[in-house]
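Asks: Dropping in start_32.cif, which is mmCIF, C-alpha atoms:
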data_structure
#
loop_
_atom_site.label_atom_id
_atom_site.label_comp_id
_atom_site.auth_asym_id
_atom_site.auth_seq_id
_atom_site.Cartn_x
_atom_site.Cartn_y
_atom_site.Cartn_z
CA MET A 1 15.65 67.60 157.61
CA LYS A 2 18.33 64.93 157.87
CA ASP A 3 15.79 62.18 158.50
CA ARG A 4 12.07 62.14 158.91
CA MET A 5 10.97 63.07 162.40
CA PRO A 6 8.76 60.52 164.13
CA SER A 7 5.10 61.38 163.69
CA ALA A 8 1.70 60.16 164.79
CA ASP A 9 -1.91 61.28 164.46
CA THR A 10 -1.52 63.17 167.76
CA VAL A 11 1.83 64.63 168.80
CA ILE A 12 2.20 66.00 172.34
CA PHE A 13 4.96 68.33 173.56
CA THR A 14 5.61 68.80 177.25
CA GLY A 15 8.61 70.01 179.22
CA ARG A 16 9.64 72.05 182.22
CA PHE A 17 9.55 75.84 182.30
CA GLY A 18 12.24 77.27 180.04
CA SER A 19 12.62 74.09 178.00
CA GLY A 20 11.41 75.78 174.82
CA LYS A 21 8.40 73.49 174.67
CA SER A 22 5.98 76.01 173.14
CA GLU A 23 8.50 77.18 170.54
CA THR A 24 9.11 73.54 169.64
CA ALA A 25 5.39 72.78 169.35
CA ILE A 26 4.79 75.80 167.12
CA ASN A 27 7.75 75.12 164.83
CA TYR A 28 6.87 71.43 164.62
CA ALA A 29 3.27 72.26 163.67
CA ILE A 30 4.42 74.72 160.99
CA SER A 31 6.90 72.16 159.62
CA LEU A 32 4.15 69.54 159.52
CA ALA A 33 1.75 71.91 157.75
CA GLN A 34 4.38 72.67 155.10
CA LYS A 35 4.68 68.96 154.37
CA MET A 36 0.95 68.36 154.00
CA PRO A 37 0.03 67.12 150.53
CA GLU A 38 -1.87 69.46 148.26
CA GLY A 39 -5.58 69.31 148.97
CA ALA A 40 -5.16 67.91 152.47
CA GLN A 41 -5.84 71.25 154.14
CA SER A 42 -9.26 72.19 155.44
CA ARG A 43 -10.84 75.63 155.58
CA THR A 44 -11.43 77.55 158.76
CA SER A 45 -14.96 78.54 159.75
CA ALA A 46 -14.37 81.93 158.14
CA GLY A 47 -13.36 80.17 154.95
CA GLN A 48 -10.38 82.42 154.42
CA HIS A 49 -7.28 80.44 155.38
CA PRO A 50 -6.44 76.77 154.80
CA ALA A 51 -5.44 74.80 157.89
CA GLY A 52 -3.39 71.63 157.58
CA VAL A 53 -2.54 71.08 161.24
CA ILE A 54 -4.42 71.68 164.50
CA LEU A 55 -2.36 73.04 167.40
CA ILE A 56 -4.10 72.63 170.77
CA ASP A 57 -2.80 74.98 173.44
CA LEU A 58 -3.25 73.32 176.84
CA ASP A 59 -0.45 75.20 178.60
CA ILE A 60 -2.10 76.65 181.71
CA VAL A 61 1.16 76.76 183.66
CA THR A 62 3.11 79.50 181.88
CA PRO A 63 0.67 82.00 180.32
CA TYR A 64 3.61 84.22 179.42
CA PHE A 65 4.41 81.80 176.61
CA ARG A 66 0.99 80.63 175.49
CA SER A 67 0.89 79.79 171.80
CA ARG A 68 -2.61 81.29 171.47
CA GLU A 69 -0.83 84.67 171.35
CA ALA A 70 0.45 83.73 167.90
CA ALA A 71 -2.83 82.24 166.68
CA ASP A 72 -3.45 84.76 163.92
CA ARG A 73 0.05 84.47 162.49
CA LEU A 74 -0.04 80.68 162.63
CA LEU A 75 -3.30 80.48 160.72
CA HIS A 76 -1.57 82.08 157.73
CA LYS A 77 1.03 79.29 157.94
CA GLY A 78 -1.55 76.51 157.84
CA VAL A 79 -1.86 75.94 161.61
CA ARG A 80 -5.17 76.45 163.43
CA VAL A 81 -4.87 77.05 167.18
CA VAL A 82 -7.52 75.57 169.47
CA ALA A 83 -7.41 76.75 173.10
CA PRO A 84 -9.55 76.62 176.26
CA SER A 85 -12.26 79.26 176.58
CA ILE A 86 -11.44 82.62 178.15
CA ILE A 87 -13.01 81.43 181.39
CA GLY A 88 -10.96 78.26 181.31
CA GLN A 89 -7.75 80.26 181.16
CA HIS A 90 -8.27 81.28 184.78
CA LEU A 91 -8.94 77.81 186.17
CA ASP A 92 -6.39 75.33 187.51
CA THR A 93 -7.70 72.77 185.04
CA PRO A 94 -9.68 74.07 182.07
CA ALA A 95 -13.10 72.58 181.51
CA ILE A 96 -13.34 70.12 178.65
CA THR A 97 -14.69 72.06 175.68
CA PRO A 98 -16.31 70.62 172.56
CA GLN A 99 -13.65 72.33 170.42
CA ILE A 100 -10.71 70.63 172.17
CA LEU A 101 -12.30 67.21 172.42
CA GLY A 102 -13.58 67.43 168.88
CA ALA A 103 -10.13 68.39 167.58
CA ILE A 104 -8.59 65.37 169.32
CA GLN A 105 -11.23 62.95 168.10
CA GLN A 106 -11.33 64.10 164.47
CA SER A 107 -9.26 62.00 162.07
CA VAL A 108 -8.82 64.36 159.11
CA LEU A 109 -5.95 66.59 160.26
CA PRO A 110 -2.89 65.84 162.42
CA VAL A 111 -3.00 67.29 165.93
CA VAL A 112 -0.16 68.87 167.94
CA LEU A 113 -0.65 69.59 171.67
CA ASP A 114 1.33 72.13 173.72
CA VAL A 115 1.07 71.05 177.37
CA GLY A 116 2.32 72.58 180.62
CA GLY A 117 5.33 70.87 182.13
CA ASP A 118 4.34 70.14 185.72
CA LYS A 119 1.60 68.17 187.51
CA GLN A 120 -0.89 70.99 187.13
CA GLY A 121 -0.31 71.25 183.41
CA ALA A 122 -0.32 67.49 182.92
CA ARG A 123 -3.69 67.21 184.67
CA ALA A 124 -5.13 69.43 181.93
CA LEU A 125 -3.90 66.86 179.42
CA GLY A 126 -5.13 63.99 181.60
CA GLN A 127 -8.71 65.07 180.97
CA PHE A 128 -8.27 63.95 177.39
CA SER A 129 -6.09 60.87 177.97
CA SER A 130 -8.87 58.42 177.17
CA ALA A 131 -9.63 60.05 173.82
CA ILE A 132 -5.91 60.38 172.97
CA SER A 133 -5.17 56.77 173.89
CA GLN A 134 -7.80 55.55 171.45
CA GLY A 135 -5.63 56.76 168.58
CA ASP A 136 -1.97 56.84 167.64
CA TYR A 137 -0.07 59.32 169.80
CA THR A 138 3.49 60.36 170.58
CA MET A 139 4.44 62.38 173.67
CA HIS A 140 7.76 64.23 173.49
CA PHE A 141 9.47 65.64 176.57
CA VAL A 142 11.50 68.71 175.56
CA VAL A 143 14.80 68.94 177.42
CA ASN A 144 17.02 71.97 177.88
CA PRO A 145 19.94 70.76 180.04
CA TYR A 146 20.74 74.32 181.06
CA ARG A 147 17.44 74.77 182.91
CA PRO A 148 16.57 73.73 186.49
CA PHE A 149 14.93 70.33 187.04
CA THR A 150 16.31 68.87 183.80
CA ASP A 151 20.01 69.63 184.29
CA THR A 152 20.52 66.31 186.11
CA LEU A 153 19.43 62.78 185.32
CA GLY A 154 17.53 62.53 188.60
CA GLY A 155 15.67 65.76 187.98
CA LEU A 156 14.74 64.78 184.45
CA SER A 157 13.60 61.31 185.49
CA SER A 158 11.44 62.75 188.27
CA SER A 159 9.94 65.35 185.93
CA ILE A 160 8.97 62.72 183.37
CA ALA A 161 7.46 60.49 186.07
CA ASP A 162 5.34 63.40 187.36
CA ILE A 163 4.03 64.18 183.88
CA GLU A 164 3.23 60.57 183.08
CA SER A 165 1.39 60.05 186.35
CA SER A 166 -0.75 63.17 186.06
CA ALA A 167 -1.41 62.92 182.31
CA ARG A 168 -2.00 59.17 182.36
CA LEU A 169 0.03 58.94 179.16
CA GLN A 170 3.56 57.70 178.46
CA VAL A 171 6.51 59.78 177.25
CA SER A 172 7.71 58.31 173.95
CA GLY A 173 10.99 60.17 173.56
CA LEU A 174 13.07 63.24 174.34
CA VAL A 175 13.50 66.36 172.24
CA SER A 176 16.97 67.86 172.54
CA ASN A 177 16.84 71.64 172.85
CA PRO A 178 20.13 72.83 174.39
CA ASN A 179 20.36 76.62 174.46
CA LEU A 180 20.91 79.67 176.63
CA ILE A 181 18.75 81.93 174.46
CA GLY A 182 20.80 85.06 173.64
CA GLU A 183 23.94 83.70 175.27
CA THR A 184 24.01 80.45 173.31
CA THR A 185 27.21 79.35 171.55
CA THR A 186 27.86 76.36 169.32
CA GLU A 187 29.70 74.76 172.23
CA HIS A 188 26.58 75.06 174.38
CA ILE A 189 24.54 73.32 171.69
CA ILE A 190 26.99 70.48 171.07
CA GLN A 191 27.89 69.87 174.71
CA GLY A 192 24.29 70.19 175.86
CA HIS A 193 23.12 67.71 173.25
CA ALA A 194 25.81 65.24 174.32
CA LYS A 195 24.49 65.50 177.87
CA ILE A 196 20.95 64.81 176.69
CA GLU A 197 22.21 61.78 174.77
CA ARG A 198 23.64 60.41 178.04
CA PHE A 199 20.31 61.04 179.77
CA ALA A 200 18.44 59.30 176.97
CA ARG A 201 20.61 56.20 177.21
CA ALA A 202 20.17 56.05 180.98
CA LEU A 203 16.39 56.45 180.68
CA ASN A 204 16.16 54.05 177.73
CA LEU A 205 14.34 56.67 175.71
CA PRO A 206 15.10 57.73 172.13
CA ILE A 207 15.90 61.30 171.12
CA SER A 208 13.13 62.09 168.68
CA PHE A 209 14.88 65.09 167.15
CA VAL A 210 17.15 68.05 167.89
CA CYS A 211 16.01 71.68 167.86
CA VAL A 212 18.45 74.05 166.17
CA GLU A 213 17.71 77.74 165.81
CA ARG A 214 18.09 78.84 162.21
CA GLN A 215 20.92 81.27 162.95
CA TRP A 216 23.17 78.36 164.06
CA LEU A 217 22.84 76.18 160.96
CA ASP A 218 25.90 77.49 159.15
CA ALA A 219 28.04 77.50 162.28
CA LEU A 220 27.16 73.89 163.06
CA ALA A 221 27.65 72.67 159.51
CA PRO A 222 30.00 75.12 157.77
CA GLY A 223 30.06 74.69 154.03
CA SER A 224 27.44 71.96 154.08
CA SER A 225 25.41 71.75 150.89
CA GLY A 226 23.18 69.00 152.29
CA GLU A 227 20.85 68.92 155.23
CA PRO A 228 21.63 71.38 158.06
CA ALA A 229 23.66 70.17 161.01
CA SER A 230 23.96 66.69 159.46
CA ALA A 231 27.65 66.59 160.31
CA VAL A 232 26.94 67.13 164.00
CA PHE A 233 23.76 65.25 164.92
CA SER A 234 22.71 61.68 164.19
CA GLN A 235 19.07 62.50 164.96
CA PRO A 236 16.62 64.47 162.78
CA VAL A 237 16.86 68.25 163.10
CA LEU A 238 13.96 70.66 163.53
CA ILE A 239 14.91 74.13 162.33
CA VAL A 240 13.52 76.62 164.85
CA ASP A 241 12.39 80.18 164.20
CA ARG A 242 11.62 82.08 167.39
CA HIS A 243 8.05 83.28 167.87
CA PHE A 244 8.46 84.55 171.44
CA VAL A 245 10.79 87.31 172.60
CA MET A 246 11.77 87.39 176.25
CA SER A 247 10.98 90.57 178.16
CA TRP A 248 14.66 91.07 179.04
CA GLU A 249 15.92 90.77 175.46
#
In structure tokens, write the structure found in this file.
Replies:
Amino acid sequence: MKDRMPSADTVIFTGRFGSGKSETAINYAISLAQKMPEGAQSRTSAGQHPAGVILIDLDIVTPYFRSREAADRLLHKGVRVVAPSIIGQHLDTPAITPQILGAIQQSVLPVVLDVGGDKQGARALGQFSSAISQGDYTMHFVVNPYRPFTDTLGGLSSSIADIESSARLQVSGLVSNPNLIGETTTEHIIQGHAKIERFARALNLPISFVCVERQWLDALAPGSSGEPASAVFSQPVLIVDRHFVMSWE
């Protein structure tokens, strides 16, 4: 990591469909768990696996990408997934459950939330806005400039405004995630990030960090013996390993 990524007790990731929001939330949670000091982890109810970070899956908009699908694998990496009940998965806005509210209100472990990227998804988060606002929180909006709704400044600004209004929470910064999945090139990453930097300046929002898939590290920083992609980006870099495979890949 070139610099430390901004952190808070509660870190929220939201973004439009195709932004890579859930991948970002998962990789961020794993990265955070790896940095937890020895002894800071807690045990799960089964007492088998230590958990250093709680990942709350509130994405009711795109079930195809729900992080609860990777819950078992994440637990072995120090991340415990908390999600709405099975019944709640089929509602427009999941009922507040003791597990979700309790995870937000506890102060022992850091919390990462994966939230749907439209008004419907943000309303799920809005249920917990009062509890979240009582603590220290950061809300990141993940931007892929090659996806609809966030490929223009107007679209991005409108998307952020919708989320903030429905969630009753404020976006703290942007996460730069320029990619075209299997068709990505280094030019796409560099040019897409430059576009996001222009958006950030116009919106007066910082870029919290840049997502770079592991396979691109050498290409972006050939011969670098230091931190990956440090020669390209001025912001911190989150190295991304993909946990979801698209049906057409």
Asks: Pick out the closest residue to Thr24 of chain A from this set: A:Ala167, A:Leu156, A:Val115, A:Ala131. Count only C-alpha atoms.
Replies: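 Closest candidate: A:Val115.
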Asks: Which residues of segment 104-213 of chain A sit at most 12 Å from segment 236-241 of chain A, using all atoms listed in the file? Give each one's shortest atom pair and distance in Å (one decimal place), in chain and ascending residue order, as a Markdown table.
Replies:
| residue | atom | partner | partner_atom | distance |
| --- | --- | --- | --- | --- |
| A:Val175 | CA | A:Leu238 | CA | 9.7 |
| A:Ser176 | CA | A:Val237 | CA | 9.4 |
| A:Asn177 | CA | A:Leu238 | CA | 9.8 |
| A:Asn179 | CA | A:Val240 | CA | 11.8 |
| A:His193 | CA | A:Val237 | CA | 11.9 |
| A:Pro206 | CA | A:Pro236 | CA | 11.6 |
| A:Ile207 | CA | A:Pro236 | CA | 9.0 |
| A:Ser208 | CA | A:Pro236 | CA | 7.3 |
| A:Phe209 | CA | A:Pro236 | CA | 4.7 |
| A:Val210 | CA | A:Val237 | CA | 4.8 |
| A:Cys211 | CA | A:Leu238 | CA | 4.9 |
| A:Val212 | CA | A:Ile239 | CA | 5.2 |
| A:Glu213 | CA | A:Val240 | CA | 4.4 |
Asks: As an exercise, work out the distance from atom CA of Ile100 of chain A to atom CA of Ser157 of chain A in Å and give it to one decimal place.
Replies: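 Atom CA of Ser157 of chain A lies 29.2 Å from atom CA of Ile100 of chain A.
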Asks: Here's the selection I'm unsure about, the PyMOL selection byres ((chain A and resi 74) around 12); applied to the file above, which residues does it give, as an NGL selection string?
Replies: :A and (25-31 or 33-34 or 49-55 or 67-73 or 75-82 or 243)
Asks: Go ahead and write the residues just picked, C-alpha atoms, as a compact mmCIF listing (two decimals), in the coordinates of the input.
Replies:
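Once written, selection_28.txt looks like this:
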# COMPACT_ATOMS: atom_id res chain seq x y z
CA ALA A 25 5.39 72.78 169.35
CA ILE A 26 4.79 75.80 167.12
CA ASN A 27 7.75 75.12 164.83
CA TYR A 28 6.87 71.43 164.62
CA ALA A 29 3.27 72.26 163.67
CA ILE A 30 4.42 74.72 160.99
CA SER A 31 6.90 72.16 159.62
CA ALA A 33 1.75 71.91 157.75
CA GLN A 34 4.38 72.67 155.10
CA HIS A 49 -7.28 80.44 155.38
CA PRO A 50 -6.44 76.77 154.80
CA ALA A 51 -5.44 74.80 157.89
CA GLY A 52 -3.39 71.63 157.58
CA VAL A 53 -2.54 71.08 161.24
CA ILE A 54 -4.42 71.68 164.50
CA LEU A 55 -2.36 73.04 167.40
CA SER A 67 0.89 79.79 171.80
CA ARG A 68 -2.61 81.29 171.47
CA GLU A 69 -0.83 84.67 171.35
CA ALA A 70 0.45 83.73 167.90
CA ALA A 71 -2.83 82.24 166.68
CA ASP A 72 -3.45 84.76 163.92
CA ARG A 73 0.05 84.47 162.49
CA LEU A 75 -3.30 80.48 160.72
CA HIS A 76 -1.57 82.08 157.73
CA LYS A 77 1.03 79.29 157.94
CA GLY A 78 -1.55 76.51 157.84
CA VAL A 79 -1.86 75.94 161.61
CA ARG A 80 -5.17 76.45 163.43
CA VAL A 81 -4.87 77.05 167.18
CA VAL A 82 -7.52 75.57 169.47
CA HIS A 243 8.05 83.28 167.87
Asks: Find the residues around segment 145-152 of chain A up to 9 Å (only C-alpha atoms counted), leave out those fewer than 2 positions away in its own chain, and share them as number ranges by chain.
Replies: A: 16-19, 143, 154-159, 176-180, 188, 192-193, 195-196, 199
